[in-house]
$ cat start_7.txt   # compact mmCIF, N, CA and C atoms
# COMPACT_ATOMS: atom_id res chain seq x y z
N MET A 1 165.51 72.52 132.19
CA MET A 1 165.44 71.72 131.00
C MET A 1 164.07 71.89 130.34
N SER A 2 164.10 71.93 129.05
CA SER A 2 162.83 72.03 128.33
C SER A 2 162.23 70.63 128.17
N GLU A 3 160.99 70.60 127.68
CA GLU A 3 160.31 69.31 127.50
C GLU A 3 161.03 68.46 126.45
N HIS A 4 161.59 69.12 125.43
CA HIS A 4 162.25 68.38 124.36
C HIS A 4 163.54 67.72 124.87
N GLU A 5 164.24 68.37 125.78
CA GLU A 5 165.48 67.82 126.31
C GLU A 5 165.21 66.65 127.26
N GLN A 6 164.08 66.70 127.98
CA GLN A 6 163.74 65.63 128.91
C GLN A 6 163.22 64.40 128.20
N GLY A 7 162.57 64.58 127.09
CA GLY A 7 161.91 63.47 126.43
C GLY A 7 160.43 63.49 126.77
N HIS A 8 159.74 62.51 126.28
CA HIS A 8 158.31 62.45 126.50
C HIS A 8 158.02 61.46 127.61
N ILE A 9 157.23 61.91 128.54
CA ILE A 9 156.87 61.05 129.66
C ILE A 9 155.42 60.62 129.47
N ILE A 10 155.23 59.33 129.33
CA ILE A 10 153.89 58.79 129.16
C ILE A 10 153.46 58.19 130.50
N GLU A 11 152.22 58.43 130.88
CA GLU A 11 151.73 57.92 132.16
C GLU A 11 151.68 56.40 132.14
N TYR A 12 151.90 55.82 133.31
CA TYR A 12 151.89 54.36 133.41
C TYR A 12 150.53 53.79 133.05
N ALA A 13 149.46 54.51 133.37
CA ALA A 13 148.12 54.02 133.06
C ALA A 13 147.94 53.85 131.55
N THR A 14 148.46 54.78 130.78
CA THR A 14 148.37 54.68 129.32
C THR A 14 149.17 53.50 128.81
N LEU A 15 150.37 53.32 129.33
CA LEU A 15 151.21 52.20 128.91
C LEU A 15 150.57 50.86 129.27
N ILE A 16 149.95 50.79 130.43
CA ILE A 16 149.29 49.54 130.84
C ILE A 16 148.08 49.26 129.96
N LYS A 17 147.33 50.30 129.58
CA LYS A 17 146.18 50.11 128.69
C LYS A 17 146.64 49.61 127.32
N VAL A 18 147.71 50.18 126.81
CA VAL A 18 148.23 49.74 125.51
C VAL A 18 148.74 48.31 125.61
N TRP A 19 149.43 47.98 126.68
CA TRP A 19 149.94 46.63 126.88
C TRP A 19 148.79 45.62 126.97
N ALA A 20 147.74 45.98 127.71
CA ALA A 20 146.58 45.09 127.83
C ALA A 20 145.90 44.91 126.47
N THR A 21 145.83 45.97 125.69
CA THR A 21 145.25 45.87 124.35
C THR A 21 146.08 44.94 123.48
N LEU A 22 147.40 45.05 123.57
CA LEU A 22 148.28 44.16 122.82
C LEU A 22 148.09 42.70 123.24
N LEU A 23 147.89 42.47 124.53
CA LEU A 23 147.65 41.11 125.00
C LEU A 23 146.32 40.57 124.48
N VAL A 24 145.29 41.39 124.48
CA VAL A 24 143.98 40.97 123.97
C VAL A 24 144.07 40.64 122.48
N LEU A 25 144.77 41.49 121.73
CA LEU A 25 144.92 41.24 120.29
C LEU A 25 145.75 39.98 120.03
N THR A 26 146.75 39.72 120.86
CA THR A 26 147.51 38.49 120.73
C THR A 26 146.63 37.28 121.03
N GLY A 27 145.79 37.40 122.04
CA GLY A 27 144.83 36.33 122.34
C GLY A 27 143.88 36.09 121.18
N ALA A 28 143.45 37.17 120.52
CA ALA A 28 142.57 37.02 119.36
C ALA A 28 143.28 36.28 118.23
N LEU A 29 144.57 36.55 118.05
CA LEU A 29 145.33 35.83 117.03
C LEU A 29 145.46 34.34 117.37
N VAL A 30 145.68 34.04 118.62
CA VAL A 30 145.80 32.64 119.04
C VAL A 30 144.47 31.92 118.83
N VAL A 31 143.37 32.54 119.21
CA VAL A 31 142.05 31.93 119.03
C VAL A 31 141.75 31.72 117.55
N SER A 32 142.07 32.71 116.73
CA SER A 32 141.80 32.57 115.29
C SER A 32 142.66 31.47 114.67
N SER A 33 143.85 31.26 115.19
CA SER A 33 144.70 30.20 114.65
C SER A 33 144.15 28.82 115.00
N ARG A 34 143.39 28.72 116.07
CA ARG A 34 142.78 27.44 116.45
C ARG A 34 141.55 27.13 115.60
N LEU A 35 140.91 28.17 115.04
CA LEU A 35 139.68 27.96 114.26
C LEU A 35 139.97 27.33 112.92
N SER A 36 140.70 28.02 112.08
CA SER A 36 141.06 27.49 110.76
C SER A 36 142.25 28.28 110.23
N SER A 37 142.90 27.70 109.24
CA SER A 37 144.08 28.39 108.69
C SER A 37 143.66 29.63 107.91
N GLY A 38 142.50 29.60 107.26
CA GLY A 38 142.02 30.79 106.54
C GLY A 38 141.73 31.94 107.48
N ALA A 39 141.07 31.63 108.60
CA ALA A 39 140.78 32.67 109.59
C ALA A 39 142.07 33.21 110.19
N ALA A 40 143.04 32.32 110.38
CA ALA A 40 144.31 32.75 110.97
C ALA A 40 145.05 33.72 110.05
N VAL A 41 145.03 33.42 108.75
CA VAL A 41 145.73 34.29 107.80
C VAL A 41 145.08 35.67 107.77
N TRP A 42 143.76 35.71 107.68
CA TRP A 42 143.08 37.01 107.64
C TRP A 42 143.22 37.77 108.96
N ALA A 43 143.22 37.05 110.06
CA ALA A 43 143.42 37.71 111.35
C ALA A 43 144.83 38.28 111.45
N MET A 44 145.81 37.51 110.98
CA MET A 44 147.19 38.02 111.03
C MET A 44 147.37 39.22 110.12
N LEU A 45 146.74 39.20 108.95
CA LEU A 45 146.88 40.32 108.02
C LEU A 45 146.17 41.59 108.51
N SER A 46 145.20 41.43 109.38
CA SER A 46 144.47 42.61 109.86
C SER A 46 144.90 43.04 111.27
N VAL A 47 145.14 42.09 112.16
CA VAL A 47 145.44 42.44 113.55
C VAL A 47 146.91 42.81 113.75
N THR A 48 147.80 42.14 113.06
CA THR A 48 149.23 42.40 113.25
C THR A 48 149.63 43.84 112.89
N PRO A 49 149.13 44.41 111.78
CA PRO A 49 149.46 45.83 111.54
C PRO A 49 148.89 46.76 112.61
N LEU A 50 147.74 46.40 113.16
CA LEU A 50 147.17 47.21 114.25
C LEU A 50 148.08 47.16 115.48
N LYS A 51 148.57 45.98 115.80
CA LYS A 51 149.49 45.86 116.93
C LYS A 51 150.78 46.63 116.67
N ALA A 52 151.30 46.53 115.45
CA ALA A 52 152.52 47.27 115.12
C ALA A 52 152.28 48.78 115.21
N GLY A 53 151.11 49.21 114.79
CA GLY A 53 150.78 50.64 114.89
C GLY A 53 150.74 51.12 116.33
N LEU A 54 150.18 50.31 117.22
CA LEU A 54 150.17 50.68 118.63
C LEU A 54 151.58 50.78 119.19
N VAL A 55 152.44 49.84 118.82
CA VAL A 55 153.82 49.87 119.30
C VAL A 55 154.54 51.10 118.76
N PHE A 56 154.39 51.37 117.46
CA PHE A 56 155.00 52.58 116.87
C PHE A 56 154.50 53.83 117.57
N TYR A 57 153.18 53.93 117.72
CA TYR A 57 152.57 55.17 118.19
C TYR A 57 152.92 55.49 119.64
N PHE A 58 152.86 54.49 120.50
CA PHE A 58 153.08 54.76 121.92
C PHE A 58 154.50 54.44 122.39
N PHE A 59 154.99 53.24 122.12
CA PHE A 59 156.28 52.83 122.68
C PHE A 59 157.46 53.43 121.93
N MET A 60 157.28 53.74 120.65
CA MET A 60 158.37 54.36 119.89
C MET A 60 158.17 55.87 119.76
N HIS A 61 157.17 56.40 120.45
CA HIS A 61 156.91 57.84 120.58
C HIS A 61 156.63 58.55 119.26
N VAL A 62 156.09 57.85 118.28
CA VAL A 62 155.71 58.51 117.02
C VAL A 62 154.57 59.49 117.27
N LYS A 63 153.82 59.26 118.32
CA LYS A 63 152.72 60.16 118.69
C LYS A 63 153.20 61.61 118.87
N TYR A 64 154.42 61.78 119.30
CA TYR A 64 154.93 63.11 119.62
C TYR A 64 155.80 63.70 118.51
N GLU A 65 155.92 63.02 117.39
CA GLU A 65 156.76 63.52 116.30
C GLU A 65 155.99 64.52 115.43
N THR A 66 156.73 65.18 114.56
CA THR A 66 156.12 66.18 113.68
C THR A 66 155.36 65.48 112.56
N ILE A 67 154.53 66.25 111.88
CA ILE A 67 153.73 65.72 110.79
C ILE A 67 154.61 65.24 109.63
N VAL A 68 155.77 65.84 109.46
CA VAL A 68 156.66 65.44 108.37
C VAL A 68 157.15 64.01 108.58
N LEU A 69 157.58 63.69 109.78
CA LEU A 69 158.04 62.33 110.06
C LEU A 69 156.90 61.32 109.97
N LYS A 70 155.73 61.69 110.48
CA LYS A 70 154.57 60.80 110.39
C LYS A 70 154.21 60.54 108.93
N THR A 71 154.29 61.57 108.09
CA THR A 71 153.98 61.40 106.66
C THR A 71 155.01 60.50 106.00
N MET A 72 156.29 60.69 106.30
CA MET A 72 157.32 59.84 105.71
C MET A 72 157.15 58.39 106.13
N LEU A 73 156.81 58.16 107.39
CA LEU A 73 156.56 56.81 107.87
C LEU A 73 155.35 56.19 107.17
N PHE A 74 154.30 56.97 106.99
CA PHE A 74 153.11 56.49 106.29
C PHE A 74 153.43 56.13 104.84
N VAL A 75 154.17 56.96 104.16
CA VAL A 75 154.53 56.69 102.76
C VAL A 75 155.39 55.42 102.67
N ALA A 76 156.35 55.27 103.56
CA ALA A 76 157.21 54.09 103.53
C ALA A 76 156.41 52.81 103.79
N LEU A 77 155.54 52.83 104.78
CA LEU A 77 154.74 51.65 105.08
C LEU A 77 153.71 51.37 103.99
N SER A 78 153.16 52.41 103.39
CA SER A 78 152.21 52.21 102.28
C SER A 78 152.91 51.58 101.09
N THR A 79 154.12 52.02 100.80
CA THR A 79 154.89 51.42 99.71
C THR A 79 155.16 49.94 99.99
N LEU A 80 155.49 49.62 101.22
CA LEU A 80 155.70 48.23 101.60
C LEU A 80 154.44 47.40 101.38
N VAL A 81 153.29 47.93 101.77
CA VAL A 81 152.03 47.22 101.58
C VAL A 81 151.74 47.00 100.10
N VAL A 82 152.01 47.99 99.27
CA VAL A 82 151.79 47.84 97.82
C VAL A 82 152.67 46.74 97.26
N PHE A 83 153.94 46.72 97.63
CA PHE A 83 154.84 45.69 97.11
C PHE A 83 154.48 44.29 97.61
N ILE A 84 154.06 44.18 98.84
CA ILE A 84 153.63 42.88 99.35
C ILE A 84 152.35 42.44 98.63
N GLY A 85 151.44 43.38 98.38
CA GLY A 85 150.24 43.06 97.61
C GLY A 85 150.57 42.60 96.20
N MET A 86 151.53 43.24 95.56
CA MET A 86 151.95 42.81 94.22
C MET A 86 152.55 41.41 94.27
N LEU A 87 153.28 41.10 95.33
CA LEU A 87 153.84 39.77 95.49
C LEU A 87 152.73 38.72 95.62
N PHE A 88 151.70 39.03 96.39
CA PHE A 88 150.57 38.10 96.53
C PHE A 88 149.89 37.85 95.20
N PHE A 89 149.67 38.90 94.43
CA PHE A 89 149.04 38.72 93.11
C PHE A 89 149.92 37.89 92.18
N ASP A 90 151.22 38.10 92.24
CA ASP A 90 152.13 37.33 91.39
C ASP A 90 152.09 35.85 91.76
N ILE A 91 152.07 35.56 93.04
CA ILE A 91 152.06 34.16 93.47
C ILE A 91 150.69 33.52 93.17
N ALA A 92 149.62 34.26 93.38
CA ALA A 92 148.28 33.70 93.18
C ALA A 92 148.00 33.40 91.71
N TRP A 93 148.53 34.16 90.78
CA TRP A 93 148.21 33.99 89.36
C TRP A 93 149.33 33.34 88.58
N ARG A 94 150.24 32.71 89.28
CA ARG A 94 151.36 32.03 88.62
C ARG A 94 150.84 30.72 88.01
N PRO A 95 151.27 30.38 86.78
CA PRO A 95 150.77 29.13 86.15
C PRO A 95 151.32 27.88 86.80
$ encode --input "start_7.txt" --output "structure tokens"
Amino acid sequence: MSEHEQGHIIEYATLIKVWATLLVLTGALVVSSRLSSGAAVWAMLSVTPLKAGLVFYFFMHVKYETIVLKTMLFVALSTLVVFIGMLFFDIAWRP
């Protein structure tokens, strides 16, 4: 069997490091939510995409995909960010 037929095997040490990082980032979100609502919002807007990126990259095996798929994923997520940003501006400047 070739490597492509077997799938990608990630070492347990790497998976445990990513899992521990996700736990630390979750702890940071919990701590920021205890501080103030403003800190919680900014922490969620910055840390949550980082956590999602780690999950995509390692657990969903995007790390091993071709540049074409990575580019398409980047364009789709960038478009989502632009539309969410436009929504925030619309809500913030509504009379």
$ select_by_dssp --input "start_7.txt" --residues "chain A" --states "alpha helix (DSSP H)" --output "CSV table (one decimal) with N, CA and C atoms, in the coordinates of the input"
chain,number,residue,atom,x,y,z
A,3,GLU,N,161.0,70.6,127.7
A,3,GLU,CA,160.3,69.3,127.5
A,3,GLU,C,161.0,68.5,126.4
A,4,HIS,N,161.6,69.1,125.4
A,4,HIS,CA,162.2,68.4,124.4
A,4,HIS,C,163.5,67.7,124.9
A,5,GLU,N,164.2,68.4,125.8
A,5,GLU,CA,165.5,67.8,126.3
A,5,GLU,C,165.2,66.6,127.3
A,6,GLN,N,164.1,66.7,128.0
A,6,GLN,CA,163.7,65.6,128.9
A,6,GLN,C,163.2,64.4,128.2
A,12,TYR,N,151.9,55.8,133.3
A,12,TYR,CA,151.9,54.4,133.4
A,12,TYR,C,150.5,53.8,133.0
A,13,ALA,N,149.5,54.5,133.4
A,13,ALA,CA,148.1,54.0,133.1
A,13,ALA,C,147.9,53.8,131.6
A,14,THR,N,148.5,54.8,130.8
A,14,THR,CA,148.4,54.7,129.3
A,14,THR,C,149.2,53.5,128.8
A,15,LEU,N,150.4,53.3,129.3
A,15,LEU,CA,151.2,52.2,128.9
A,15,LEU,C,150.6,50.9,129.3
A,16,ILE,N,150.0,50.8,130.4
A,16,ILE,CA,149.3,49.5,130.8
A,16,ILE,C,148.1,49.3,130.0
A,17,LYS,N,147.3,50.3,129.6
A,17,LYS,CA,146.2,50.1,128.7
A,17,LYS,C,146.6,49.6,127.3
A,18,VAL,N,147.7,50.2,126.8
A,18,VAL,CA,148.2,49.7,125.5
A,18,VAL,C,148.7,48.3,125.6
A,19,TRP,N,149.4,48.0,126.7
A,19,TRP,CA,149.9,46.6,126.9
A,19,TRP,C,148.8,45.6,127.0
A,20,ALA,N,147.7,46.0,127.7
A,20,ALA,CA,146.6,45.1,127.8
A,20,ALA,C,145.9,44.9,126.5
A,21,THR,N,145.8,46.0,125.7
A,21,THR,CA,145.2,45.9,124.4
A,21,THR,C,146.1,44.9,123.5
A,22,LEU,N,147.4,45.0,123.6
A,22,LEU,CA,148.3,44.2,122.8
A,22,LEU,C,148.1,42.7,123.2
A,23,LEU,N,147.9,42.5,124.5
A,23,LEU,CA,147.6,41.1,125.0
A,23,LEU,C,146.3,40.6,124.5
A,24,VAL,N,145.3,41.4,124.5
A,24,VAL,CA,144.0,41.0,124.0
A,24,VAL,C,144.1,40.6,122.5
A,25,LEU,N,144.8,41.5,121.7
A,25,LEU,CA,144.9,41.2,120.3
A,25,LEU,C,145.8,40.0,120.0
A,26,THR,N,146.8,39.7,120.9
A,26,THR,CA,147.5,38.5,120.7
A,26,THR,C,146.6,37.3,121.0
A,27,GLY,N,145.8,37.4,122.0
A,27,GLY,CA,144.8,36.3,122.3
A,27,GLY,C,143.9,36.1,121.2
A,28,ALA,N,143.4,37.2,120.5
A,28,ALA,CA,142.6,37.0,119.4
A,28,ALA,C,143.3,36.3,118.2
A,29,LEU,N,144.6,36.6,118.0
A,29,LEU,CA,145.3,35.8,117.0
A,29,LEU,C,145.5,34.3,117.4
A,30,VAL,N,145.7,34.0,118.6
A,30,VAL,CA,145.8,32.6,119.0
A,30,VAL,C,144.5,31.9,118.8
A,31,VAL,N,143.4,32.5,119.2
A,31,VAL,CA,142.0,31.9,119.0
A,31,VAL,C,141.8,31.7,117.6
A,32,SER,N,142.1,32.7,116.7
A,32,SER,CA,141.8,32.6,115.3
A,32,SER,C,142.7,31.5,114.7
A,33,SER,N,143.8,31.3,115.2
A,33,SER,CA,144.7,30.2,114.6
A,33,SER,C,144.2,28.8,115.0
A,34,ARG,N,143.4,28.7,116.1
A,34,ARG,CA,142.8,27.4,116.4
A,34,ARG,C,141.6,27.1,115.6
A,35,LEU,N,140.9,28.2,115.0
A,35,LEU,CA,139.7,28.0,114.3
A,35,LEU,C,140.0,27.3,112.9
A,37,SER,N,142.9,27.7,109.2
A,37,SER,CA,144.1,28.4,108.7
A,37,SER,C,143.7,29.6,107.9
A,38,GLY,N,142.5,29.6,107.3
A,38,GLY,CA,142.0,30.8,106.5
A,38,GLY,C,141.7,31.9,107.5
A,39,ALA,N,141.1,31.6,108.6
A,39,ALA,CA,140.8,32.7,109.6
A,39,ALA,C,142.1,33.2,110.2
A,40,ALA,N,143.0,32.3,110.4
A,40,ALA,CA,144.3,32.8,111.0
A,40,ALA,C,145.0,33.7,110.0
A,41,VAL,N,145.0,33.4,108.8
A,41,VAL,CA,145.7,34.3,107.8
A,41,VAL,C,145.1,35.7,107.8
A,42,TRP,N,143.8,35.7,107.7
A,42,TRP,CA,143.1,37.0,107.6
A,42,TRP,C,143.2,37.8,109.0
A,43,ALA,N,143.2,37.0,110.1
A,43,ALA,CA,143.4,37.7,111.4
A,43,ALA,C,144.8,38.3,111.4
A,44,MET,N,145.8,37.5,111.0
A,44,MET,CA,147.2,38.0,111.0
A,44,MET,C,147.4,39.2,110.1
A,45,LEU,N,146.7,39.2,109.0
A,45,LEU,CA,146.9,40.3,108.0
A,45,LEU,C,146.2,41.6,108.5
A,46,SER,N,145.2,41.4,109.4
A,46,SER,CA,144.5,42.6,109.9
A,46,SER,C,144.9,43.0,111.3
A,47,VAL,N,145.1,42.1,112.2
A,47,VAL,CA,145.4,42.4,113.6
A,47,VAL,C,146.9,42.8,113.8
A,48,THR,N,147.8,42.1,113.1
A,48,THR,CA,149.2,42.4,113.2
A,48,THR,C,149.6,43.8,112.9
A,49,PRO,N,149.1,44.4,111.8
A,49,PRO,CA,149.5,45.8,111.5
A,49,PRO,C,148.9,46.8,112.6
A,50,LEU,N,147.7,46.4,113.2
A,50,LEU,CA,147.2,47.2,114.2
A,50,LEU,C,148.1,47.2,115.5
A,51,LYS,N,148.6,46.0,115.8
A,51,LYS,CA,149.5,45.9,116.9
A,51,LYS,C,150.8,46.6,116.7
A,52,ALA,N,151.3,46.5,115.4
A,52,ALA,CA,152.5,47.3,115.1
A,52,ALA,C,152.3,48.8,115.2
A,53,GLY,N,151.1,49.2,114.8
A,53,GLY,CA,150.8,50.6,114.9
A,53,GLY,C,150.7,51.1,116.3
A,54,LEU,N,150.2,50.3,117.2
A,54,LEU,CA,150.2,50.7,118.6
A,54,LEU,C,151.6,50.8,119.2
A,67,ILE,N,154.5,66.2,111.9
A,67,ILE,CA,153.7,65.7,110.8
A,67,ILE,C,154.6,65.2,109.6
A,68,VAL,N,155.8,65.8,109.5
A,68,VAL,CA,156.7,65.4,108.4
A,68,VAL,C,157.2,64.0,108.6
A,69,LEU,N,157.6,63.7,109.8
A,69,LEU,CA,158.0,62.3,110.1
A,69,LEU,C,156.9,61.3,110.0
A,70,LYS,N,155.7,61.7,110.5
A,70,LYS,CA,154.6,60.8,110.4
A,70,LYS,C,154.2,60.5,108.9
A,71,THR,N,154.3,61.6,108.1
A,71,THR,CA,154.0,61.4,106.7
A,71,THR,C,155.0,60.5,106.0
A,72,MET,N,156.3,60.7,106.3
A,72,MET,CA,157.3,59.8,105.7
A,72,MET,C,157.2,58.4,106.1
A,73,LEU,N,156.8,58.2,107.4
A,73,LEU,CA,156.6,56.8,107.9
A,73,LEU,C,155.4,56.2,107.2
A,74,PHE,N,154.3,57.0,107.0
A,74,PHE,CA,153.1,56.5,106.3
A,74,PHE,C,153.4,56.1,104.8
A,75,VAL,N,154.2,57.0,104.2
A,75,VAL,CA,154.5,56.7,102.8
A,75,VAL,C,155.4,55.4,102.7
A,76,ALA,N,156.4,55.3,103.6
A,76,ALA,CA,157.2,54.1,103.5
A,76,ALA,C,156.4,52.8,103.8
A,77,LEU,N,155.5,52.8,104.8
A,77,LEU,CA,154.7,51.6,105.1
A,77,LEU,C,153.7,51.4,104.0
A,78,SER,N,153.2,52.4,103.4
A,78,SER,CA,152.2,52.2,102.3
A,78,SER,C,152.9,51.6,101.1
A,79,THR,N,154.1,52.0,100.8
A,79,THR,CA,154.9,51.4,99.7
A,79,THR,C,155.2,49.9,100.0
A,80,LEU,N,155.5,49.6,101.2
A,80,LEU,CA,155.7,48.2,101.6
A,80,LEU,C,154.4,47.4,101.4
A,81,VAL,N,153.3,47.9,101.8
A,81,VAL,CA,152.0,47.2,101.6
A,81,VAL,C,151.7,47.0,100.1
A,82,VAL,N,152.0,48.0,99.3
A,82,VAL,CA,151.8,47.8,97.8
A,82,VAL,C,152.7,46.7,97.3
A,83,PHE,N,153.9,46.7,97.6
A,83,PHE,CA,154.8,45.7,97.1
A,83,PHE,C,154.5,44.3,97.6
A,84,ILE,N,154.1,44.2,98.8
A,84,ILE,CA,153.6,42.9,99.4
A,84,ILE,C,152.4,42.4,98.6
A,85,GLY,N,151.4,43.4,98.4
A,85,GLY,CA,150.2,43.1,97.6
A,85,GLY,C,150.6,42.6,96.2
A,86,MET,N,151.5,43.2,95.6
A,86,MET,CA,152.0,42.8,94.2
A,86,MET,C,152.6,41.4,94.3
A,87,LEU,N,153.3,41.1,95.3
A,87,LEU,CA,153.8,39.8,95.5
A,87,LEU,C,152.7,38.7,95.6
A,88,PHE,N,151.7,39.0,96.4
A,88,PHE,CA,150.6,38.1,96.5
A,88,PHE,C,149.9,37.8,95.2
A,89,PHE,N,149.7,38.9,94.4
A,89,PHE,CA,149.0,38.7,93.1
A,89,PHE,C,149.9,37.9,92.2
A,90,ASP,N,151.2,38.1,92.2
A,90,ASP,CA,152.1,37.3,91.4
A,90,ASP,C,152.1,35.8,91.8
A,91,ILE,N,152.1,35.6,93.0
A,91,ILE,CA,152.1,34.2,93.5
A,91,ILE,C,150.7,33.5,93.2
A,92,ALA,N,149.6,34.3,93.4
A,92,ALA,CA,148.3,33.7,93.2
A,92,ALA,C,148.0,33.4,91.7
$ atom_distance --input "start_7.txt" --atom1 "atom CA of A:Arg34" --atom2 "atom N of A:Leu50"
19.9 Å
$ atom_distance --input "start_7.txt" --atom1 "atom CA of A:Trp19" --atom2 "atom C of A:Thr71"
25.6 Å
$ atom_distance --input "start_7.txt" --atom1 "atom C of A:Thr66" --atom2 "atom N of A:Val18"
22.3 Å
